[in-house]
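> Next comes my_file25.cif, mmCIF, C-alpha atoms:
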data_my_file
loop_
_atom_site.label_atom_id
_atom_site.label_comp_id
_atom_site.auth_asym_id
_atom_site.auth_seq_id
_atom_site.Cartn_x
_atom_site.Cartn_y
_atom_site.Cartn_z
CA MET A 141 12.19 29.77 24.19
CA LYS A 142 14.48 26.99 23.05
CA GLN A 143 12.79 24.65 25.53
CA THR A 144 9.32 25.58 24.22
CA TRP A 145 10.35 24.78 20.64
CA SER A 146 11.82 21.49 21.80
CA ASN A 147 8.62 20.66 23.71
CA LEU A 148 6.44 21.54 20.73
CA LYS A 149 8.60 19.43 18.44
CA ASP A 150 8.32 16.47 20.84
CA ALA A 151 4.56 16.95 21.16
CA ILE A 152 4.20 16.75 17.36
CA VAL A 153 6.39 13.64 17.24
CA THR A 154 4.29 11.93 19.91
CA ALA A 155 1.03 13.37 18.51
CA ASN A 156 0.21 14.81 21.92
CA ASN A 157 -2.69 17.06 20.97
CA SER A 158 -3.39 18.53 24.41
CA GLU A 159 0.30 19.40 24.94
CA ILE A 160 0.36 21.09 21.53
CA ASN A 161 -2.72 23.17 22.42
CA GLU A 162 -1.15 24.30 25.69
CA LEU A 163 2.11 25.23 24.01
CA LEU A 164 0.32 27.14 21.24
CA ILE A 165 -1.64 29.12 23.84
CA GLY A 166 1.64 29.88 25.60
CA LEU A 167 3.24 31.06 22.37
CA GLY A 168 0.26 33.28 21.52
CA ASP A 169 0.76 35.77 18.70
CA ASP A 170 4.32 36.58 19.68
CA VAL A 171 5.65 34.20 17.06
CA THR A 172 4.87 33.79 13.39
CA PHE A 173 3.77 30.55 11.79
CA ASN A 174 7.05 30.41 9.91
CA GLU A 175 8.95 30.49 13.20
CA ILE A 176 6.82 27.59 14.44
CA TYR A 177 7.49 25.76 11.21
CA ASP A 178 11.26 26.32 11.29
CA ASN A 179 11.72 25.57 14.99
CA ALA A 180 9.20 22.79 15.65
CA ILE A 181 7.29 21.45 12.65
CA HIS A 182 10.19 20.89 10.28
CA PRO A 183 12.47 19.24 12.89
CA ALA A 184 9.55 17.11 14.12
CA LEU A 185 8.78 15.81 10.64
CA ASP A 186 12.48 15.16 10.00
CA ASN A 187 12.61 13.27 13.30
CA LEU A 188 9.58 11.13 12.33
CA CYS A 189 11.02 10.39 8.87
CA ASP A 190 14.42 9.49 10.34
CA SER A 191 12.76 7.11 12.81
CA ILE A 192 11.11 5.24 9.93
CA LYS A 193 14.42 5.01 8.07
CA LEU A 194 16.05 3.60 11.23
CA LYS A 195 13.11 1.24 11.82
CA LYS A 196 12.37 2.94 15.11
CA GLY A 197 8.96 4.07 13.94
CA ALA A 198 6.49 3.47 11.13
CA ILE A 199 4.29 5.37 8.68
CA PRO A 200 1.31 5.75 11.09
CA ASP A 201 3.56 7.73 13.48
CA LEU A 202 4.39 10.12 10.66
CA LEU A 203 0.71 10.41 9.72
CA MET A 204 -0.29 11.17 13.29
CA GLY A 205 2.41 13.84 13.45
CA LEU A 206 1.15 15.31 10.18
CA LYS A 207 -2.36 15.44 11.60
CA GLU A 208 -1.01 17.61 14.42
CA VAL A 209 0.79 19.81 11.90
CA ARG A 210 -2.56 20.41 10.15
CA HIS A 211 -4.09 21.13 13.54
CA ILE A 212 -1.42 23.78 14.21
CA THR A 213 -1.91 25.29 10.74
CA ASP A 214 -5.66 25.49 11.27
CA ALA A 215 -5.26 27.01 14.73
CA ARG A 216 -3.08 29.86 13.50
CA SER A 217 -4.53 33.04 12.10
CA ASP A 218 -1.31 33.78 10.19
CA LYS A 219 -1.02 31.24 7.44
CA PRO A 220 2.23 29.69 6.33
CA LYS A 221 3.99 31.32 3.41
CA GLY A 222 4.75 27.83 2.21
CA LYS A 223 7.40 26.74 -0.19
CA SER A 224 7.02 28.16 -3.66
CA LYS A 225 7.57 24.76 -5.24
CA LYS A 226 4.56 23.14 -6.87
CA ILE A 227 4.06 19.39 -6.60
CA LEU A 228 1.59 17.15 -8.39
CA VAL A 229 0.76 13.74 -6.91
CA GLY A 230 -1.26 11.01 -8.56
CA VAL A 231 -1.70 7.28 -9.16
CA VAL A 232 -1.12 6.38 -12.81
CA GLU A 233 -3.83 5.15 -15.15
CA GLY A 234 -5.20 1.65 -14.49
CA ASP A 235 -4.43 1.63 -10.77
CA THR A 236 -6.79 2.71 -8.00
CA HIS A 237 -4.60 1.89 -5.00
CA ASP A 238 -4.18 5.37 -3.55
CA MET A 239 -3.11 4.81 0.05
CA GLY A 240 0.58 5.39 -0.70
CA LYS A 241 -0.18 8.43 -2.83
CA ASN A 242 -2.30 9.95 -0.03
CA VAL A 243 0.54 9.51 2.44
CA ILE A 244 2.99 11.19 0.04
CA ARG A 245 0.51 14.06 -0.45
CA ASP A 246 0.21 14.58 3.31
CA VAL A 247 3.98 14.50 3.81
CA CYS A 248 4.58 17.05 1.04
CA GLN A 249 1.84 19.30 2.44
CA GLY A 250 3.29 18.92 5.93
CA TYR A 251 6.63 20.15 4.65
CA GLY A 252 4.88 23.19 3.22
CA TYR A 253 4.92 22.40 -0.48
CA ASP A 254 2.10 23.58 -2.74
CA VAL A 255 0.51 20.21 -3.52
CA THR A 256 -2.18 19.30 -6.04
CA ASP A 257 -3.65 15.83 -5.64
CA LEU A 258 -4.76 14.50 -9.03
CA GLY A 259 -6.27 11.39 -7.44
CA LYS A 260 -6.07 7.81 -8.69
CA ASP A 261 -6.32 6.19 -12.13
CA VAL A 262 -5.02 9.47 -13.60
CA SER A 263 -4.68 9.61 -17.37
CA VAL A 264 -1.48 10.64 -19.11
CA GLU A 265 -3.34 13.62 -20.57
CA THR A 266 -4.38 14.85 -17.11
CA PHE A 267 -0.84 14.59 -15.74
CA VAL A 268 0.55 16.51 -18.74
CA ARG A 269 -2.19 19.15 -18.74
CA GLU A 270 -1.87 19.83 -15.01
CA ALA A 271 1.94 19.88 -15.12
CA LYS A 272 1.86 22.46 -17.91
CA GLU A 273 -0.95 24.60 -16.50
CA GLN A 274 0.51 24.68 -13.02
CA ASN A 275 4.12 24.85 -14.16
CA ALA A 276 4.76 22.02 -11.70
CA ASP A 277 8.25 21.60 -10.32
CA ILE A 278 7.73 17.95 -9.34
CA ALA A 279 5.30 15.22 -10.37
CA CYS A 280 5.07 12.31 -7.92
CA LEU A 281 3.80 9.24 -9.78
CA SER A 282 2.63 6.21 -7.85
CA THR A 283 1.60 2.68 -8.72
CA MET A 284 1.30 -0.44 -6.64
CA MET A 285 1.22 -2.90 -9.49
CA SER A 286 3.62 -4.26 -12.06
CA THR A 287 0.98 -4.25 -14.78
CA THR A 288 0.58 -0.47 -14.70
CA ILE A 289 4.29 0.11 -15.25
CA GLU A 290 3.55 0.80 -18.93
CA ALA A 291 1.18 3.61 -17.94
CA MET A 292 3.91 5.03 -15.71
CA GLU A 293 6.44 4.83 -18.53
CA THR A 294 4.08 6.62 -20.95
CA THR A 295 3.27 9.30 -18.37
CA ILE A 296 6.97 9.95 -17.76
CA ASP A 297 7.71 10.08 -21.50
CA GLN A 298 4.91 12.53 -22.17
CA LEU A 299 5.77 14.72 -19.19
CA LYS A 300 9.35 14.94 -20.42
CA VAL A 301 8.14 15.97 -23.90
CA HIS A 302 5.39 18.42 -22.93
CA SER A 303 6.55 19.71 -19.54
CA PRO A 304 10.32 19.31 -19.61
CA SER A 305 10.94 21.47 -16.54
CA THR A 306 8.85 19.14 -14.34
CA ARG A 307 11.03 16.67 -12.44
CA ILE A 308 9.56 13.24 -11.81
CA VAL A 309 9.64 11.16 -8.63
CA VAL A 310 8.22 7.61 -8.70
CA GLY A 311 7.22 5.24 -5.95
CA GLY A 312 4.99 2.31 -5.07
CA ALA A 313 5.13 -1.29 -3.89
CA PHE A 314 6.45 -2.64 -7.18
CA ILE A 315 9.00 0.12 -7.84
CA ASN A 316 12.64 -0.07 -6.82
CA LYS A 317 15.71 2.01 -7.65
CA THR A 318 16.57 -0.09 -10.70
CA ILE A 319 13.06 0.20 -12.13
CA ALA A 320 13.01 3.95 -11.38
CA GLU A 321 16.28 4.35 -13.29
CA SER A 322 15.06 2.27 -16.22
CA LEU A 323 11.96 4.48 -16.37
CA GLU A 324 14.31 7.50 -16.48
CA ALA A 325 12.58 9.07 -13.50
CA ASP A 326 14.53 11.85 -11.78
CA GLY A 327 13.97 10.37 -8.35
CA TYR A 328 12.66 7.41 -6.40
CA ALA A 329 11.05 7.43 -2.96
CA GLU A 330 11.18 3.99 -1.35
CA ASP A 331 8.58 5.15 1.14
CA ALA A 332 7.03 8.33 2.55
CA SER A 333 9.99 8.99 4.81
CA MET A 334 12.24 9.39 1.75
CA VAL A 335 10.13 11.72 -0.38
CA LYS A 336 11.23 15.04 1.13
CA THR A 337 14.93 14.14 0.89
CA GLU A 338 14.45 13.03 -2.70
CA ILE A 339 12.57 16.20 -3.68
CA GLU A 340 15.24 18.37 -2.09
CA ARG A 341 17.97 16.43 -3.89
CA ILE A 342 16.30 16.85 -7.26
CA LEU A 343 15.53 20.53 -6.80
CA MET A 344 19.03 21.41 -5.59
CA VAL B 216 -17.49 -24.65 -7.18
CA ILE B 217 -18.23 -24.02 -3.51
CA ASN B 218 -19.31 -20.61 -2.20
CA GLN B 219 -19.18 -19.99 1.52
CA ALA B 220 -18.82 -17.24 4.09
CA VAL B 221 -15.76 -17.57 6.31
CA ASN B 222 -16.03 -16.33 9.87
CA ILE B 223 -12.68 -14.87 10.90
CA GLY B 224 -13.41 -14.48 14.60
CA GLN B 225 -10.99 -12.52 16.74
CA ILE B 226 -8.16 -10.82 14.82
CA ASP B 227 -4.82 -10.52 16.56
CA GLN B 228 -4.00 -6.83 16.99
CA ASN B 229 -0.29 -7.58 16.67
CA ARG B 230 -0.78 -9.00 13.18
CA VAL B 231 -2.33 -5.70 12.04
CA LEU B 232 0.43 -3.69 13.75
CA MET B 233 3.13 -5.88 12.20
CA SER B 234 1.64 -5.28 8.75
CA MET B 235 1.98 -1.55 9.47
CA GLY B 236 5.71 -1.91 10.13
CA TYR B 237 5.79 -2.40 13.90
CA SER B 238 7.52 -5.19 15.81
CA THR B 239 8.53 -6.06 19.36
CA SER B 240 11.69 -3.98 18.92
CA ASN B 241 9.73 -1.17 17.26
CA PRO B 242 6.43 -1.06 19.18
CA ALA B 243 3.46 1.10 18.23
CA SER B 244 2.38 3.96 20.50
CA GLN B 245 -0.44 3.46 22.97
CA VAL B 246 -2.58 5.93 21.00
CA LEU B 247 -2.22 3.90 17.80
CA CYS B 248 -2.81 0.61 19.62
CA SER B 249 -6.10 2.00 20.96
CA GLN B 250 -7.17 3.12 17.48
CA VAL B 251 -6.36 -0.30 16.02
CA ALA B 252 -8.15 -2.06 18.89
CA LYS B 253 -11.28 0.02 18.24
CA MET B 254 -11.14 -0.76 14.53
CA LEU B 255 -10.79 -4.48 15.28
CA GLU B 256 -13.77 -4.31 17.62
CA ASP B 257 -16.04 -2.47 15.19
CA GLY B 258 -14.86 -3.91 11.85
CA PRO B 259 -16.39 -6.79 9.88
CA LYS B 260 -15.38 -10.32 10.89
CA GLU B 261 -16.50 -12.25 7.85
CA VAL B 262 -15.30 -12.69 4.28
CA LEU B 263 -16.84 -14.41 1.27
CA SER B 264 -15.05 -17.24 -0.44
CA VAL B 265 -15.29 -19.51 -3.44
CA VAL B 266 -13.16 -22.53 -4.31
CA ASN B 267 -12.98 -25.09 -7.07
CA ILE B 268 -10.84 -28.24 -6.76
CA VAL B 269 -9.76 -29.43 -10.20
CA PRO B 270 -7.68 -32.55 -11.03
CA ILE B 271 -4.31 -32.04 -12.74
CA THR B 272 -4.43 -33.60 -16.19
CA THR B 273 -0.84 -33.15 -17.42
CA LYS B 274 2.48 -32.03 -15.97
CA SER B 275 5.45 -30.79 -17.99
CA PRO B 276 8.64 -29.09 -16.74
CA ASP B 277 7.29 -25.57 -17.38
CA CYS B 278 3.61 -25.87 -16.76
CA ILE B 279 0.77 -27.98 -15.44
CA THR B 280 -2.64 -28.30 -16.98
CA THR B 281 -6.11 -28.80 -15.58
CA SER B 282 -9.44 -28.73 -17.36
CA CYS B 283 -9.54 -25.03 -16.42
CA GLY B 284 -6.35 -24.11 -18.25
CA THR B 285 -2.57 -24.17 -18.13
CA ILE B 286 -0.58 -22.75 -15.21
CA LYS B 287 2.71 -21.39 -16.56
CA SER B 288 4.78 -21.13 -13.40
CA PRO B 289 7.88 -23.32 -12.94
CA THR B 290 7.81 -22.53 -9.19
CA PHE B 291 4.23 -23.72 -8.82
CA ASN B 292 5.17 -26.76 -10.91
CA ARG B 293 7.89 -27.72 -8.46
CA LEU B 294 5.49 -27.13 -5.61
CA SER B 295 2.92 -29.40 -7.28
CA GLN B 296 5.34 -32.22 -7.98
CA HIS B 297 3.40 -34.64 -5.76
CA ALA B 298 -0.01 -32.98 -6.11
CA ASP B 299 -3.03 -34.38 -7.89
CA ASN B 300 -5.28 -31.31 -7.85
CA VAL B 301 -5.23 -27.55 -8.11
CA VAL B 302 -7.40 -25.50 -5.77
CA TYR B 303 -8.61 -22.31 -7.46
CA GLY B 304 -9.99 -19.74 -5.03
CA VAL B 305 -11.10 -16.18 -4.41
CA VAL B 306 -11.65 -14.57 -1.01
CA THR B 307 -13.12 -11.08 -0.75
CA ALA B 308 -14.12 -8.65 1.96
CA GLY B 309 -16.77 -7.41 -0.51
CA ASN B 310 -17.99 -4.07 -1.82
CA GLN B 311 -19.18 -2.92 1.60
CA PHE B 312 -15.60 -3.01 2.82
CA ASP B 313 -14.50 -0.85 -0.13
CA GLU B 314 -17.21 1.67 0.71
CA MET B 315 -15.99 1.77 4.29
CA LEU B 316 -12.39 2.12 3.09
CA PHE B 317 -13.22 5.10 0.89
CA SER B 318 -15.33 6.78 3.57
CA TYR B 319 -12.36 7.69 5.79
CA ASP B 320 -10.98 11.20 5.32
CA ASP B 321 -8.40 10.80 8.05
CA THR B 322 -5.28 9.17 6.60
CA VAL B 323 -4.40 7.36 9.84
CA ASP B 324 -7.86 5.79 10.07
CA ALA B 325 -7.73 4.98 6.35
CA LEU B 326 -4.36 3.27 6.74
CA ILE B 327 -5.60 1.23 9.70
CA ILE B 328 -8.73 0.07 7.89
CA ASP B 329 -6.70 -0.64 4.72
CA THR B 330 -4.28 -2.83 6.69
CA TYR B 331 -7.15 -4.41 8.60
CA GLY B 332 -8.81 -5.34 5.27
CA SER B 333 -5.62 -6.96 4.00
CA VAL B 334 -5.22 -8.99 7.18
CA LEU B 335 -8.90 -9.95 7.09
CA VAL B 336 -8.72 -11.49 3.60
CA GLU B 337 -5.32 -13.12 4.31
CA LEU B 338 -6.84 -14.82 7.37
CA GLY B 339 -9.86 -15.73 5.24
CA VAL B 340 -7.60 -17.58 2.79
CA ASP B 341 -5.78 -19.36 5.66
CA LEU B 342 -9.06 -20.52 7.21
CA LEU B 343 -10.48 -21.55 3.85
CA LEU B 344 -7.44 -23.72 3.09
CA GLU B 345 -7.72 -25.29 6.55
CA LYS B 346 -11.34 -26.15 5.71
CA VAL B 347 -10.31 -27.68 2.38
CA THR B 348 -7.72 -29.91 4.06
CA SER B 349 -10.06 -30.97 6.85
CA GLN B 350 -12.90 -31.69 4.41
CA THR B 351 -10.78 -33.56 1.84
CA GLY B 352 -8.21 -35.11 4.15
CA LEU B 353 -5.51 -34.12 1.63
CA TYR B 354 -2.28 -32.12 1.93
CA ILE B 355 -2.30 -28.53 0.66
CA SER B 356 0.42 -26.02 -0.25
CA LEU B 357 0.47 -22.38 0.78
CA PRO B 358 -1.64 -20.18 -1.53
CA PHE B 359 0.02 -18.79 -4.61
CA SER B 360 -1.38 -15.63 -6.22
CA PRO B 361 -0.86 -14.16 -9.71
CA GLY B 362 2.17 -11.89 -9.56
CA TYR B 363 3.94 -14.05 -6.96
CA CYS B 364 7.33 -15.43 -8.03
CA ASP B 365 7.06 -16.45 -11.68
CA TYR B 366 3.27 -16.82 -11.81
CA PRO B 367 2.17 -14.23 -14.40
CA LEU B 368 -0.48 -11.71 -13.38
CA ALA B 369 -2.20 -12.37 -16.70
CA GLU B 370 -3.16 -15.81 -15.38
CA GLN B 371 -5.70 -14.07 -13.17
CA GLU B 372 -8.05 -14.81 -16.04
CA ASN B 373 -7.66 -18.59 -15.63
CA ILE B 374 -8.54 -18.44 -11.94
CA PHE B 375 -11.66 -16.44 -12.68
CA GLN B 376 -12.66 -18.83 -15.48
CA ALA B 377 -12.22 -21.77 -13.12
CA LEU B 378 -14.62 -20.07 -10.71
CA GLY B 379 -17.32 -19.19 -13.21
CA GLY B 380 -16.17 -15.85 -14.64
CA GLU B 381 -17.20 -13.32 -12.02
CA PRO B 382 -17.05 -15.19 -8.69
CA LEU B 383 -18.78 -13.44 -5.78
CA GLY B 384 -19.19 -10.41 -8.06
CA VAL B 385 -15.42 -9.85 -8.11
CA LYS B 386 -14.12 -8.29 -11.33
CA PHE B 387 -10.64 -7.62 -12.61
CA HIS B 388 -9.27 -4.87 -14.83
CA GLU B 389 -8.51 -6.28 -18.29
CA ARG B 390 -5.10 -4.59 -18.51
CA SER B 391 -3.85 -4.17 -14.94
CA PHE B 392 -5.64 -7.31 -13.61
CA MET B 393 -6.43 -5.30 -10.48
CA MET B 394 -9.42 -6.74 -8.68
CA SER B 395 -12.54 -5.00 -7.44
CA PRO B 396 -13.50 -5.07 -4.56
CA ILE B 397 -9.96 -4.04 -3.61
CA LYS B 398 -9.70 -6.31 -0.57
CA THR B 399 -9.75 -9.52 -2.57
CA ILE B 400 -7.23 -12.34 -2.93
CA SER B 401 -7.27 -14.75 -5.86
CA PHE B 402 -5.06 -17.79 -5.59
CA ILE B 403 -4.19 -21.32 -6.57
CA ALA B 404 -2.86 -24.03 -4.26
CA ALA B 405 -1.60 -27.56 -4.85
CA LEU B 406 -3.55 -30.40 -3.23
CA GLY B 407 -2.53 -34.04 -3.02
CA THR B 408 -2.35 -37.27 -1.10
CA LYS B 409 1.36 -36.87 -0.32
CA GLU B 410 2.87 -34.23 1.93
CA LEU B 411 3.86 -31.18 -0.16
CA ASN B 412 6.60 -28.63 0.15
CA THR B 413 4.03 -26.11 1.33
CA ASN B 414 6.03 -22.92 0.97
CA PRO B 415 6.58 -21.60 -2.58
CA CYS B 416 9.02 -19.01 -1.20
CA SER B 417 11.47 -21.75 -0.26
CA ILE B 418 12.03 -22.49 -3.95
CA CYS B 419 11.73 -18.92 -5.24
CA THR B 420 14.79 -16.85 -6.09
CA LEU B 421 13.24 -13.44 -5.30
CA GLU B 422 14.95 -13.22 -1.93
CA LYS B 423 14.12 -9.57 -1.34
CA CYS B 424 10.42 -9.97 -2.19
CA GLN B 425 8.29 -8.16 0.38
CA MET B 426 5.81 -11.04 0.38
CA ARG B 427 8.47 -13.65 1.18
CA ARG B 428 7.19 -16.18 3.73
#
Before anything else, please render the file you have as structure tokens.

Amino acid sequence: MKQTWSNLKDAIVTANNSEINELLIGLGDDVTFNEIYDNAIHPALDNLCDSIKLKKGAIPDLLMGLKEVRHITDARSDKPKGKSKKILVGVVEGDTHDMGKNVIRDVCQGYGYDVTDLGKDVSVETFVREAKEQNADIACLSTMMSTTIEAMETTIDQLKVHSPSTRIVVGGAFINKTIAESLEADGYAEDASMVKTEIERILM
Amino acid sequence: VINQAVNIGQIDQNRVLMSMGYSTSNPASQVLCSQVAKMLEDGPKEVLSVVNIVPITTKSPDCITTSCGTIKSPTFNRLSQHADNVVYGVVTAGNQFDEMLFSYDDTVDALIIDTYGSVLVELGVDLLLEKVTSQTGLYISLPFSPGYCDYPLAEQENIFQALGGEPLGVKFHERSFMMSPIKTISFIAALGTKELNTNPCSICTLEKCQMRR
């Protein structure tokens, strides 16, 4: 069995769809989705993220792996229990660059979080309303531009006032650790490979 | 003000892959290479461009002035030390490219087309500047966009004014200065009879800037 898990993990890492299908057929209904997640999906995604951090891979590899994770989820009749943690993702008001946000959304979903994508050019009011209504554990705020930093600052301020239990992670081309700290965000994800580690650190 | 389409021709697959984070020591998988190759084959090969070459009227240590406004960037000033003109320009892949960009549900495809669009307009600017030098016989600097080094993003407005307000139908957000269509580059460049220090990054102090050239 150990070899099968290892093979499935490797097939996700290399986005080998046909190998995944064969292995899933072999596993049949003898295993639960959560076993697949714990033994193959989670280690595969960790492997892909680590490769990016070590510059032995890049974001498209992670995205292709995530596509296979969705394929596995869809192929299973037993659905994942998922993590109970709720995550909001969105691009702050004034910015419509949503590529980074979409990648973060996919990574969080791949790791089994309950993710709500608020889209791009999201108003402060929408972030606050959704955080309160959904009792969100994390809000991931993204912006690519320096000029929308004010919108990010206002969104963080208002989230802290109206939804104080929601922790905030920021990211985007313009953001760095110093800016994230000056914005009083709880966390900073330099890229998609860092977001899971950062969420786990904050929620510990 | 000159409007023209720029034919990009064949795009180097490696340039797109490099923009995605790959290199010779960190090569992309065969599957991804095939997807990128298909995108390069099917994607648009032309961008729209507009330029205006405007004489420099005054130079001071902090800024230079043309009839189109004042450029408040000490770095661009140093770059323009021996220049006589400023080239104002916009290159865009157009609204159709945005529509294509937003039509992809698959994140991998969307990332490829997004990167492809960026490379397309970057090459468009390179080719346009080559045309300017060959047509004028003058020396030109590398392009310099609002937000680079110490060139304020708010000066986006001056570039647009120099090109007639809404060049090629490109608009910018009044607060964020973000342009629409998304795959658009606005820039200035120094142009003169003497050879210029063509690379603004060589005199910029932002050593960790991701756009450093």
> Run the PyMOL selection byres ((chain B) within 8 of (chain A)) mentally over the shown coordinates, then write out the matched residues as a PyMOL selection string, using the chain letters and numbers from the document.
chain B and resi 235-237+240-243+247+322-323+325-326+368+388+390-393
> Pick the closest to B:Gln225 from B:Gly339, B:Gly304, B:Pro270, B:Pro361: which is it, counting only C-alpha atoms?
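For B:Gln225, the nearest of the given residues is B:Gly339.
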> List the residues matched by the PyMOL selection byres ((chain B and resi 226) around 10) in the displayed structure as a PyMOL selection string, ordered by chain and then by residue number.
chain B and resi 223-225+227-231+252+255-256+260+331+334-335+338
> Mind telling me what the PyMOL selection byres ((chain B and resi 278) around 12) catches here, as a list of chain:residue names?
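With the PyMOL selection byres ((chain B and resi 278) around 12) on this model, the match is B:Ile271, B:Thr272, B:Thr273, B:Lys274, B:Ser275, B:Pro276, B:Asp277, B:Ile279, B:Thr280, B:Thr281, B:Gly284, B:Thr285, B:Ile286, B:Lys287, B:Ser288, B:Pro289, B:Thr290, B:Phe291, B:Asn292, B:Arg293, B:Leu294, B:Ser295, B:Gln296, B:Asp365, B:Tyr366, B:Pro367.
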> Hey, can you check how far atom CA of B:Asn300 sits from atom CA of B:Thr351?
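Separating atom CA of B:Asn300 from atom CA of B:Thr351 is a distance of 11.4 Å.
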> Could you tell me, as a count of residues only, which residues have any atom at most 9 Å from (-16.3, -16.2, -8.5), counting only C-alpha atoms?
21
> Could you state the separation of atom CA of A:Val247 and atom CA of A:Val232 in Å, given to one decimal place?
19.2 Å
> Could you please determine the separation between atom CA of A:Asp169 and atom CA of A:Ala215 in Å, to one decimal place?
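Computed distance, atom CA of A:Asp169 to atom CA of A:Ala215, equals 11.3 Å.
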> Within 9 Å of A:Ser305, counting only C-alpha atoms, which residues show up once you throw out same-chain ones fewer than 4 positions away? Write them as JSON, numbers by chain, please.
{"A": [275, 276, 277, 278, 299, 300]}
> Please list, as a list in words, the residues that have an atom at most 10 Å away from (10.6, 18.3, 13.7) in the coordinates of this file, counting all atoms listed in the file.
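The answer, in the requested form, is Trp145, Ser146, Leu148, Lys149, Asp150, Ala151, Ile152, Val153, Tyr177, Asp178, Asn179, Ala180, Ile181, His182, Pro183, Ala184, Leu185, Asp186, Asn187, Leu188, Cys189 and Gly205 of chain A.
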> Name all residues at most 7 Å from B:Glu261 (count all atoms listed in the file; drop same-chain ones fewer than 2 positions away) and give them as a PyMOL selection string.
chain B and resi 220-223+259+263
> Which residue gives the smallest distance to A:Ile342 among A:Lys272, A:Lys317, A:Arg307, A:Arg216, with only C-alpha atoms counted?
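Distance minimum relative to A:Ile342 lands on A:Arg307.
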> Around all of stretch 326-345 of chain B's listed atoms, make the axis-aligned box with 3 Å on each side and tell me centre and edge lengths in Å to one decimal, as lines of an AutoDock Vina configuration file.

center_x = -7.4
center_y = -11.0
center_z = 6.2
size_x = 12.2
size_y = 34.6
size_z = 12.9
> Give the answer as one residue: which of A:Ala271, A:Leu163, A:Met292, A:Val335 has the shortest atom-to-atom distance to A:Arg245, using all atoms listed in the file?
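Ranked by minimum distance to A:Arg245, first place goes to A:Val335.
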> I'd like to know which of A:Leu258, A:Lys225, A:Lys336, A:Ser322 is closest to A:Thr306, using all atoms listed in the file.
A:Lys225
> Taking only C-alpha atoms into account, which of A:Asn161, A:Thr295, A:Thr337, A:Gln274 comes nearest A:Cys248?
A:Thr337
> Give me the residues near B:Ser360 as a VMD selection string, where near means some atom within 7 Å (using only C-alpha atoms) and where sequence neighbours in that chain fewer than 5 positions away do not count.
chain B and resid 401 to 403
